[in-house]
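Undergrad: Quick one: the structure is below, and I'll ask about it shortly.
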Amino acid sequence: MNVIYPLAVPKGRRLCCEVCEAPAERVCAACTVTYYCGVVHQKADWDSIHEKICQLLIPLRTSMPFYNSEEERQHGLQQLQQRQKYLIEFCYTVAQKYLFEGKHEDAVPAALQSLRFRVNLYGLSSIELVPAYLLLAEASLGLGRIVQAEEYLFQAQWTVLKSTDCSNATHSLLHRNLGLLCIAKKNYEEARYHLANDIYFASCAFGTEDIRTSGGYFHLANIFYDLKKLDLADTLYTKVSEIWHAYLNNHYQVLSQAHIQQMDLLGKLFENDTGLDEAQEAEAIRILTSILNIRESTSDKAPLKTIFVLKILVMLYYLMMNSSKAQEYGMRALSLAKEQQLDVHEQSTIQELLSLISTEDHRIT
């Protein structure tokens with residue numbers, strides 16, 4: 001049964017909805033430690049994150065067992081902390097992935113879970129809460145809830161201002177989200193300011209040519225594209241493409257060399273060899289397909305730029321072991337190269353990519 005019976009609730013205990021914190025009327029029958037105000041929020045939470053973490057919540061939300069010694073008790077506490085740290089990162093990655101896929105509604109419960117675990121582990125004023133606030137702000141922006149996004153960003157900004165130990169990576173994320181908020185409000189001048197700061201702090205943390213810095217370049221390019229400053233936008237889109245090409249090409253070369261040497265890395269290293277988590281893969285797909293759409297709208301003027309992005313997507317999907325998508329983008333690149341009557345070397349390079357994908361796909365099956 002999912003319905004809560006009031007008489008079964010201990011006196012003085014208030015049960016709250018996992019999603020909205022309203023008085024709860026239902027309980028998850030699988031874990032019996034998670035409560036909801038109704039069917040709608042229960043389904044939303046289940047579809048977003050709860051199905052993935054349901055059983056992991058039980059030891060976190062039930063009383064600790066009796067331990068025979070202080071050493072055992074400390075060990076039990078450490079295990080609970082490790083479980084919370086794992087859930088913080090897992091929920092954060094799931095929420096990020098939803099955001100990059102444009103599933104803003106689904107991202108909210110996962111982001112809330114990440115925030116809840118952070119509060120439990122680090123306290124209400126910790127800088128560790130900022131990434132979760134930023135996820136919730138971005139999800140709110142995607143849902144058109146500008147005021148709510150501003151509230152989350154204010155909380156994140158205030159936490160950063162109070163902190164004496166805020167990393168460059170966190171500063172970068174904060175400015176990126178402030179930039180996205182300004183874009184949503186059509187305040188492009190302030191958006192450029194925040195995105196420039198995003199790029200600066202990301203460069204300090206990771207370097208100017210890192211994929212984690214490329215998001216700032218991408219959003220800045222989008223602003224220039226919307227403002228019809230196409231030369232500036234083109235330069236930044238090219239830089240983003242080159243950063244992702246350099247990153248993916250390194251991984252691709254390892255596998256292609258192994259293929260030449262008849263080494264079977266598949267199955268041992270190649271469950272997924274992008275070196276990215278699911279959220280980063282979703283980000284790569286979103287960024288590269290967005291650039292591709294823009295490139296294809298002007299492919300008659302700059303076909304090589306379109307082919308370049310297509311080849312990057314080939315490598316990405318190949319490394320993700322999605323051979324059908326890799327083949328699709330490879331064939332599109334080859335078709336465009338022939339249509340534009342590009343040199344033989346360019347066509348042969350694409351054909352080599354397609355050949356390798358076909359060979360590895362055969363070996364996997």
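Identifiers in the structure tokens: chain A, B, ... in order shown; residue index from 1 per chain; ligand index from 1 in order shown.
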So that I can see what lies close to Gly76 in chain A, please list as a ChimeraX atom specification the residues with an atom at most 10 Å from it, counting only C-alpha atoms and leaving out residues fewer than 6 positions away in the same chain.
TA: /A:64-65,67,70,82
Undergrad: What lies within 9 Å of Glu101 in chain A using only C-alpha atoms, ignoring chain neighbours under 3 positions off, as a PDB file with all heavy atoms, in the first residue's frame?
TA:
ATOM      1  N   GLN A  96      22.392  16.772 -14.203  1.00  0.00           N
ATOM      2  CA  GLN A  96      23.126  17.434 -15.292  1.00  0.00           C
ATOM      3  C   GLN A  96      22.770  16.829 -16.635  1.00  0.00           C
ATOM      4  O   GLN A  96      22.537  17.539 -17.614  1.00  0.00           O
ATOM      5  CB  GLN A  96      24.636  17.281 -15.064  1.00  0.00           C
ATOM      6  CG  GLN A  96      25.288  18.396 -14.283  1.00  0.00           C
ATOM      7  CD  GLN A  96      26.793  18.298 -14.374  1.00  0.00           C
ATOM      8  OE1 GLN A  96      27.371  17.214 -14.324  1.00  0.00           O
ATOM      9  NE2 GLN A  96      27.446  19.426 -14.520  1.00  0.00           N
ATOM     10  N   LYS A  97      22.739  15.510 -16.691  1.00  0.00           N
ATOM     11  CA  LYS A  97      22.421  14.817 -17.943  1.00  0.00           C
ATOM     12  C   LYS A  97      21.033  15.220 -18.441  1.00  0.00           C
ATOM     13  O   LYS A  97      20.852  15.503 -19.637  1.00  0.00           O
ATOM     14  CB  LYS A  97      22.493  13.306 -17.737  1.00  0.00           C
ATOM     15  CG  LYS A  97      22.244  12.471 -18.999  1.00  0.00           C
ATOM     16  CD  LYS A  97      22.511  11.003 -18.708  1.00  0.00           C
ATOM     17  CE  LYS A  97      22.352  10.165 -19.981  1.00  0.00           C
ATOM     18  NZ  LYS A  97      20.954  10.005 -20.385  1.00  0.00           N
ATOM     19  N   TYR A  98      20.063  15.265 -17.544  1.00  0.00           N
ATOM     20  CA  TYR A  98      18.715  15.701 -17.932  1.00  0.00           C
ATOM     21  C   TYR A  98      18.742  17.116 -18.503  1.00  0.00           C
ATOM     22  O   TYR A  98      18.082  17.413 -19.506  1.00  0.00           O
ATOM     23  CB  TYR A  98      17.773  15.662 -16.735  1.00  0.00           C
ATOM     24  CG  TYR A  98      17.295  14.292 -16.335  1.00  0.00           C
ATOM     25  CD1 TYR A  98      17.240  13.914 -14.993  1.00  0.00           C
ATOM     26  CD2 TYR A  98      16.863  13.372 -17.277  1.00  0.00           C
ATOM     27  CE1 TYR A  98      16.783  12.664 -14.612  1.00  0.00           C
ATOM     28  CE2 TYR A  98      16.411  12.112 -16.914  1.00  0.00           C
ATOM     29  CZ  TYR A  98      16.373  11.764 -15.570  1.00  0.00           C
ATOM     30  OH  TYR A  98      15.923  10.524 -15.200  1.00  0.00           O
ATOM     31  N   HIS A 104      14.173  19.463 -18.454  1.00  0.00           N
ATOM     32  CA  HIS A 104      14.302  20.310 -17.271  1.00  0.00           C
ATOM     33  C   HIS A 104      13.406  19.853 -16.123  1.00  0.00           C
ATOM     34  O   HIS A 104      13.807  19.934 -14.951  1.00  0.00           O
ATOM     35  CB  HIS A 104      14.003  21.761 -17.647  1.00  0.00           C
ATOM     36  CG  HIS A 104      14.909  22.288 -18.712  1.00  0.00           C
ATOM     37  ND1 HIS A 104      14.547  22.319 -20.048  1.00  0.00           N
ATOM     38  CD2 HIS A 104      16.177  22.769 -18.657  1.00  0.00           C
ATOM     39  CE1 HIS A 104      15.538  22.813 -20.754  1.00  0.00           C
ATOM     40  NE2 HIS A 104      16.534  23.091 -19.944  1.00  0.00           N
ATOM     41  N   ALA A 279      26.702  12.845 -18.083  1.00  0.00           N
ATOM     42  CA  ALA A 279      26.330  14.257 -18.232  1.00  0.00           C
ATOM     43  C   ALA A 279      27.231  14.947 -19.245  1.00  0.00           C
ATOM     44  O   ALA A 279      26.764  15.735 -20.079  1.00  0.00           O
ATOM     45  CB  ALA A 279      26.409  14.966 -16.882  1.00  0.00           C
ATOM     46  N   ALA A 282      26.254  13.939 -22.709  1.00  0.00           N
ATOM     47  CA  ALA A 282      25.045  14.654 -23.127  1.00  0.00           C
ATOM     48  C   ALA A 282      25.370  16.100 -23.487  1.00  0.00           C
ATOM     49  O   ALA A 282      24.815  16.658 -24.442  1.00  0.00           O
ATOM     50  CB  ALA A 282      24.002  14.610 -22.006  1.00  0.00           C
ATOM     51  N   GLU A 283      26.299  16.721 -22.740  1.00  0.00           N
ATOM     52  CA  GLU A 283      26.716  18.083 -23.045  1.00  0.00           C
ATOM     53  C   GLU A 283      27.405  18.138 -24.408  1.00  0.00           C
ATOM     54  O   GLU A 283      27.154  19.042 -25.214  1.00  0.00           O
ATOM     55  CB  GLU A 283      27.667  18.605 -21.969  1.00  0.00           C
ATOM     56  CG  GLU A 283      28.149  20.035 -22.246  1.00  0.00           C
ATOM     57  CD  GLU A 283      29.168  20.531 -21.232  1.00  0.00           C
ATOM     58  OE1 GLU A 283      29.847  19.687 -20.599  1.00  0.00           O
ATOM     59  OE2 GLU A 283      29.306  21.750 -21.091  1.00  0.00           O
ATOM     60  N   ILE A 285      27.024  16.128 -26.958  1.00  0.00           N
ATOM     61  CA  ILE A 285      26.020  15.947 -28.012  1.00  0.00           C
ATOM     62  C   ILE A 285      25.248  17.235 -28.246  1.00  0.00           C
ATOM     63  O   ILE A 285      25.038  17.652 -29.386  1.00  0.00           O
ATOM     64  CB  ILE A 285      25.060  14.790 -27.641  1.00  0.00           C
ATOM     65  CG1 ILE A 285      25.815  13.447 -27.667  1.00  0.00           C
ATOM     66  CG2 ILE A 285      23.866  14.751 -28.593  1.00  0.00           C
ATOM     67  CD1 ILE A 285      25.025  12.297 -27.071  1.00  0.00           C
ATOM     68  N   ARG A 286      24.834  17.883 -27.149  1.00  0.00           N
ATOM     69  CA  ARG A 286      24.037  19.112 -27.298  1.00  0.00           C
ATOM     70  C   ARG A 286      24.849  20.205 -27.983  1.00  0.00           C
ATOM     71  O   ARG A 286      24.379  20.856 -28.917  1.00  0.00           O
ATOM     72  CB  ARG A 286      23.560  19.608 -25.935  1.00  0.00           C
ATOM     73  CG  ARG A 286      22.587  20.770 -26.037  1.00  0.00           C
ATOM     74  CD  ARG A 286      22.274  21.386 -24.699  1.00  0.00           C
ATOM     75  NE  ARG A 286      23.402  22.126 -24.160  1.00  0.00           N
ATOM     76  CZ  ARG A 286      23.298  23.014 -23.162  1.00  0.00           C
ATOM     77  NH1 ARG A 286      22.133  23.241 -22.604  1.00  0.00           N
ATOM     78  NH2 ARG A 286      24.352  23.640 -22.710  1.00  0.00           N
TER      79      ARG A 286
END
Undergrad: Please list as a PyMOL selection string every residue within 6 Å of Asn2 in chain A, counting only C-alpha atoms and excluding residues in the same chain fewer than 4 positions away.
TA: chain A and resi 26-27+29
Undergrad: Can you work out the spacing between CA of Glu18 in chain A and CA of Trp46 in chain A in Å, to one decimal?
TA: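 Value for the CA of Glu18 in chain A-CA of Trp46 in chain A distance: 10.6 Å.
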Undergrad: List every residue of range 14-127 of chain A that DSSP, applied to the backbone of this structure, assigns to strand (DSSP E), and report them as a list in words.
TA: Arg26, Val27, Tyr35 and Tyr36 of chain A
Undergrad: Pull the alpha helix (DSSP H) assignments for range 9-139 of chain A out of DSSP run on the backbone, and list those residues as a ChimeraX atom specification.
TA: /A:39-45,51-53,70-100,104-122,130-139
Undergrad: What's the separation between CA of Ala333 in chain A and CA of Ile307 in chain A, in Å to one decimal place?
TA: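 Going from CA of Ala333 in chain A over to CA of Ile307 in chain A covers 5.2 Å.
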Undergrad: Find the spatial neighbours of Pro109 in chain A, counting only C-alpha atoms, within a cut-off of 10 Å - ignore same-chain residues fewer than 3 positions away - and output them as a compact mmCIF listing (two decimals) with N, CA, C and O atoms, in the first residue's frame.
TA:
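result-v5.txt, freshly written:
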# COMPACT_ATOMS: atom_id res chain seq x y z
N GLU A 18 8.78 14.51 -0.64
CA GLU A 18 10.17 14.53 -1.10
C GLU A 18 10.43 15.65 -2.10
O GLU A 18 11.54 16.17 -2.18
N VAL A 19 9.41 16.03 -2.86
CA VAL A 19 9.58 17.00 -3.93
C VAL A 19 9.27 18.43 -3.49
O VAL A 19 10.02 19.36 -3.79
N CYS A 20 8.16 18.62 -2.76
CA CYS A 20 7.71 19.98 -2.45
C CYS A 20 7.64 20.30 -0.96
O CYS A 20 7.34 21.43 -0.59
N HIS A 41 3.66 13.87 -7.67
CA HIS A 41 5.05 14.05 -7.24
C HIS A 41 5.76 12.72 -7.02
O HIS A 41 6.97 12.61 -7.23
N ALA A 44 6.78 11.72 -10.51
CA ALA A 44 7.85 12.59 -11.02
C ALA A 44 9.19 12.22 -10.40
O ALA A 44 10.22 12.15 -11.09
N ASP A 45 9.19 11.97 -9.09
CA ASP A 45 10.43 11.61 -8.40
C ASP A 45 10.92 10.24 -8.83
O ASP A 45 12.12 10.02 -9.03
N TRP A 46 10.00 9.31 -9.01
CA TRP A 46 10.37 7.95 -9.42
C TRP A 46 11.01 7.97 -10.81
O TRP A 46 12.06 7.37 -11.03
N ASP A 47 10.38 8.68 -11.74
CA ASP A 47 10.90 8.74 -13.10
C ASP A 47 12.24 9.46 -13.18
O ASP A 47 13.09 9.14 -14.01
N SER A 48 12.43 10.46 -12.33
CA SER A 48 13.65 11.26 -12.37
C SER A 48 14.83 10.55 -11.72
O SER A 48 15.86 10.32 -12.34
N ILE A 49 14.68 10.18 -10.43
CA ILE A 49 15.84 9.70 -9.68
C ILE A 49 15.53 8.57 -8.70
O ILE A 49 16.39 7.72 -8.45
N HIS A 50 14.31 8.54 -8.15
CA HIS A 50 14.06 7.62 -7.04
C HIS A 50 14.23 6.15 -7.43
O HIS A 50 14.75 5.36 -6.63
N CYS A 91 23.40 11.78 -8.05
CA CYS A 91 22.22 12.60 -8.32
C CYS A 91 22.58 13.85 -9.12
O CYS A 91 21.83 14.28 -10.01
N ALA A 95 21.08 14.71 -12.81
CA ALA A 95 20.40 15.99 -13.06
C ALA A 95 21.07 16.76 -14.19
O ALA A 95 20.39 17.33 -15.06
N HIS A 104 14.17 19.46 -18.45
CA HIS A 104 14.30 20.31 -17.27
C HIS A 104 13.41 19.85 -16.12
O HIS A 104 13.81 19.93 -14.95
N GLU A 105 12.21 19.40 -16.43
CA GLU A 105 11.29 18.93 -15.38
C GLU A 105 11.87 17.72 -14.66
O GLU A 105 11.80 17.61 -13.43
N ASP A 106 12.47 16.81 -15.43
CA ASP A 106 13.07 15.60 -14.83
C ASP A 106 14.29 15.93 -13.98
O ASP A 106 14.62 15.19 -13.06
N LEU A 112 17.29 18.24 -6.47
CA LEU A 112 16.85 18.40 -5.08
C LEU A 112 17.47 17.33 -4.19
O LEU A 112 17.85 17.61 -3.04
N GLN A 113 17.57 16.11 -4.71
CA GLN A 113 18.20 15.04 -3.92
C GLN A 113 19.67 15.36 -3.66
O GLN A 113 20.17 15.19 -2.55
N SER A 114 20.37 15.84 -4.69
CA SER A 114 21.78 16.21 -4.50
C SER A 114 21.91 17.30 -3.44
O SER A 114 22.79 17.24 -2.58
N LEU A 115 21.02 18.29 -3.49
CA LEU A 115 21.04 19.37 -2.51
C LEU A 115 20.75 18.83 -1.11
O LEU A 115 21.42 19.20 -0.13
N LEU A 136 19.52 23.64 -9.95
CA LEU A 136 18.11 24.00 -9.78
C LEU A 136 17.79 25.32 -10.49
O LEU A 136 16.70 25.48 -11.05
Undergrad: Quick one: pull the distance between CA of Asn187 in chain A and CA of Leu227 in chain A, Å, one decimal.
TA: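 Between CA of Asn187 in chain A and CA of Leu227 in chain A the gap works out to 11.6 Å.
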Undergrad: Can you pull out the residues contacting Cys182 in chain A? Cut-off 12 Å, using only C-alpha atoms, and skip same-chain residues under 2 positions away; I want them as a compact mmCIF listing (two decimals) with N, CA and C atoms, in the first residue's frame.
TA:
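Result file follows (out-v4.txt):
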# COMPACT_ATOMS: atom_id res chain seq x y z
N GLU A 138 19.33 26.40 -13.24
CA GLU A 138 19.30 26.12 -14.67
C GLU A 138 18.02 25.39 -15.07
N LEU A 141 15.28 27.93 -15.17
CA LEU A 141 15.36 28.73 -16.39
C LEU A 141 14.76 27.98 -17.57
N ILE A 146 11.66 32.28 -14.17
CA ILE A 146 12.77 33.23 -14.00
C ILE A 146 12.96 33.63 -12.55
N ALA A 149 14.53 30.87 -10.58
CA ALA A 149 15.94 30.75 -10.95
C ALA A 149 16.77 31.82 -10.25
N GLU A 150 16.24 33.04 -10.20
CA GLU A 150 16.95 34.13 -9.53
C GLU A 150 17.13 33.84 -8.04
N LEU A 153 19.95 31.35 -7.69
CA LEU A 153 21.23 31.99 -8.00
C LEU A 153 21.64 32.97 -6.91
N HIS A 175 29.19 31.99 -12.61
CA HIS A 175 29.11 33.01 -13.65
C HIS A 175 28.40 32.48 -14.90
N ARG A 176 28.59 31.20 -15.20
CA ARG A 176 27.90 30.64 -16.38
C ARG A 176 26.39 30.70 -16.19
N ASN A 177 25.93 30.33 -15.02
CA ASN A 177 24.49 30.35 -14.76
C ASN A 177 23.94 31.77 -14.67
N LEU A 178 24.74 32.68 -14.12
CA LEU A 178 24.31 34.09 -14.12
C LEU A 178 24.22 34.61 -15.54
N GLY A 179 25.16 34.17 -16.39
CA GLY A 179 25.11 34.54 -17.80
C GLY A 179 23.87 34.00 -18.49
N LEU A 180 23.51 32.75 -18.20
CA LEU A 180 22.31 32.15 -18.79
C LEU A 180 21.05 32.88 -18.33
N ALA A 184 18.36 34.83 -20.73
CA ALA A 184 16.90 34.63 -20.67
C ALA A 184 16.16 35.95 -20.51
N LYS A 185 16.81 36.93 -19.85
CA LYS A 185 16.20 38.24 -19.64
C LYS A 185 16.57 39.23 -20.75
N LYS A 186 17.27 38.74 -21.80
CA LYS A 186 17.69 39.55 -22.94
C LYS A 186 18.67 40.65 -22.56
N ASN A 187 19.35 40.48 -21.46
CA ASN A 187 20.37 41.45 -21.03
C ASN A 187 21.72 40.93 -21.51
N TYR A 188 22.00 41.14 -22.80
CA TYR A 188 23.17 40.53 -23.42
C TYR A 188 24.49 41.13 -22.95
N GLU A 189 24.48 42.41 -22.61
CA GLU A 189 25.73 43.04 -22.15
C GLU A 189 26.20 42.41 -20.84
N GLU A 190 25.28 42.28 -19.89
CA GLU A 190 25.65 41.66 -18.62
C GLU A 190 25.94 40.17 -18.80
N ALA A 191 25.23 39.53 -19.72
CA ALA A 191 25.49 38.12 -20.00
C ALA A 191 26.92 37.92 -20.50
N ARG A 192 27.38 38.82 -21.38
CA ARG A 192 28.75 38.72 -21.88
C ARG A 192 29.77 38.88 -20.75
N TYR A 193 29.45 39.78 -19.81
CA TYR A 193 30.34 39.99 -18.67
C TYR A 193 30.49 38.69 -17.86
N HIS A 194 29.35 38.06 -17.55
CA HIS A 194 29.39 36.85 -16.74
C HIS A 194 30.05 35.69 -17.49
N LEU A 195 29.78 35.56 -18.78
CA LEU A 195 30.38 34.47 -19.54
C LEU A 195 31.89 34.67 -19.73
N HIS A 219 28.32 29.35 -25.11
CA HIS A 219 27.22 30.27 -24.77
C HIS A 219 27.51 31.68 -25.24
N LEU A 220 28.78 32.08 -25.19
CA LEU A 220 29.16 33.41 -25.68
C LEU A 220 28.94 33.48 -27.19
N ILE A 223 25.34 34.12 -28.02
CA ILE A 223 24.94 35.53 -27.88
C ILE A 223 25.29 36.30 -29.15
Undergrad: Considering only C-alpha atoms, state which residue in the set A:Leu319, A:Val254, A:Leu353, A:Leu80 is at the smallest distance from Asn120 in chain A.
TA: A:Leu80
Undergrad: Please provide as a list in words all residues within 10 Å of Arg83 in chain A, with the sequence filter that same-chain residues fewer than 6 positions apart are discarded (counting only C-alpha atoms).
TA: Leu56, Leu57, Pro59, Leu60, Leu77 and Phe117 of chain A
Undergrad: Could you write out that same residue set with all heavy atoms as a PDB file, in the first residue's frame?
TA:
ATOM      1  N   LEU A  56      19.053   2.429  -1.842  1.00  0.00           N
ATOM      2  CA  LEU A  56      20.208   3.067  -1.201  1.00  0.00           C
ATOM      3  C   LEU A  56      19.792   4.024  -0.087  1.00  0.00           C
ATOM      4  O   LEU A  56      20.608   4.381   0.772  1.00  0.00           O
ATOM      5  CB  LEU A  56      21.035   3.826  -2.244  1.00  0.00           C
ATOM      6  CG  LEU A  56      21.675   2.993  -3.357  1.00  0.00           C
ATOM      7  CD1 LEU A  56      22.384   3.900  -4.352  1.00  0.00           C
ATOM      8  CD2 LEU A  56      22.650   1.978  -2.779  1.00  0.00           C
ATOM      9  N   LEU A  57      18.528   4.459  -0.111  1.00  0.00           N
ATOM     10  CA  LEU A  57      18.054   5.421   0.886  1.00  0.00           C
ATOM     11  C   LEU A  57      17.726   4.775   2.228  1.00  0.00           C
ATOM     12  O   LEU A  57      17.707   5.459   3.253  1.00  0.00           O
ATOM     13  CB  LEU A  57      16.816   6.145   0.363  1.00  0.00           C
ATOM     14  CG  LEU A  57      17.006   7.015  -0.886  1.00  0.00           C
ATOM     15  CD1 LEU A  57      15.662   7.555  -1.347  1.00  0.00           C
ATOM     16  CD2 LEU A  57      17.959   8.161  -0.605  1.00  0.00           C
ATOM     17  N   PRO A  59      19.268   2.666   4.466  1.00  0.00           N
ATOM     18  CA  PRO A  59      20.164   2.828   5.628  1.00  0.00           C
ATOM     19  C   PRO A  59      20.384   4.280   6.030  1.00  0.00           C
ATOM     20  O   PRO A  59      20.763   4.556   7.168  1.00  0.00           O
ATOM     21  CB  PRO A  59      21.471   2.186   5.150  1.00  0.00           C
ATOM     22  CG  PRO A  59      21.414   2.208   3.670  1.00  0.00           C
ATOM     23  CD  PRO A  59      19.977   2.067   3.317  1.00  0.00           C
ATOM     24  N   LEU A  60      20.145   5.221   5.098  1.00  0.00           N
ATOM     25  CA  LEU A  60      20.335   6.638   5.421  1.00  0.00           C
ATOM     26  C   LEU A  60      19.161   7.206   6.208  1.00  0.00           C
ATOM     27  O   LEU A  60      19.312   8.213   6.913  1.00  0.00           O
ATOM     28  CB  LEU A  60      20.512   7.454   4.139  1.00  0.00           C
ATOM     29  CG  LEU A  60      21.775   7.185   3.318  1.00  0.00           C
ATOM     30  CD1 LEU A  60      21.754   8.007   2.045  1.00  0.00           C
ATOM     31  CD2 LEU A  60      23.022   7.513   4.128  1.00  0.00           C
ATOM     32  N   LEU A  77      29.486   5.111  10.811  1.00  0.00           N
ATOM     33  CA  LEU A  77      29.290   6.506  10.408  1.00  0.00           C
ATOM     34  C   LEU A  77      30.046   6.825   9.127  1.00  0.00           C
ATOM     35  O   LEU A  77      29.536   7.531   8.240  1.00  0.00           O
ATOM     36  CB  LEU A  77      29.744   7.444  11.530  1.00  0.00           C
ATOM     37  CG  LEU A  77      28.830   7.534  12.756  1.00  0.00           C
ATOM     38  CD1 LEU A  77      29.493   8.349  13.861  1.00  0.00           C
ATOM     39  CD2 LEU A  77      27.490   8.166  12.386  1.00  0.00           C
ATOM     40  N   PHE A 117      21.223  15.818   0.185  1.00  0.00           N
ATOM     41  CA  PHE A 117      22.356  15.073   0.724  1.00  0.00           C
ATOM     42  C   PHE A 117      23.517  16.000   1.099  1.00  0.00           C
ATOM     43  O   PHE A 117      24.222  15.763   2.082  1.00  0.00           O
ATOM     44  CB  PHE A 117      22.837  14.022  -0.277  1.00  0.00           C
ATOM     45  CG  PHE A 117      21.855  12.908  -0.507  1.00  0.00           C
ATOM     46  CD1 PHE A 117      21.474  12.559  -1.789  1.00  0.00           C
ATOM     47  CD2 PHE A 117      21.299  12.222   0.556  1.00  0.00           C
ATOM     48  CE1 PHE A 117      20.559  11.541  -2.011  1.00  0.00           C
ATOM     49  CE2 PHE A 117      20.382  11.195   0.357  1.00  0.00           C
ATOM     50  CZ  PHE A 117      20.014  10.859  -0.935  1.00  0.00           C
TER      51      PHE A 117
END
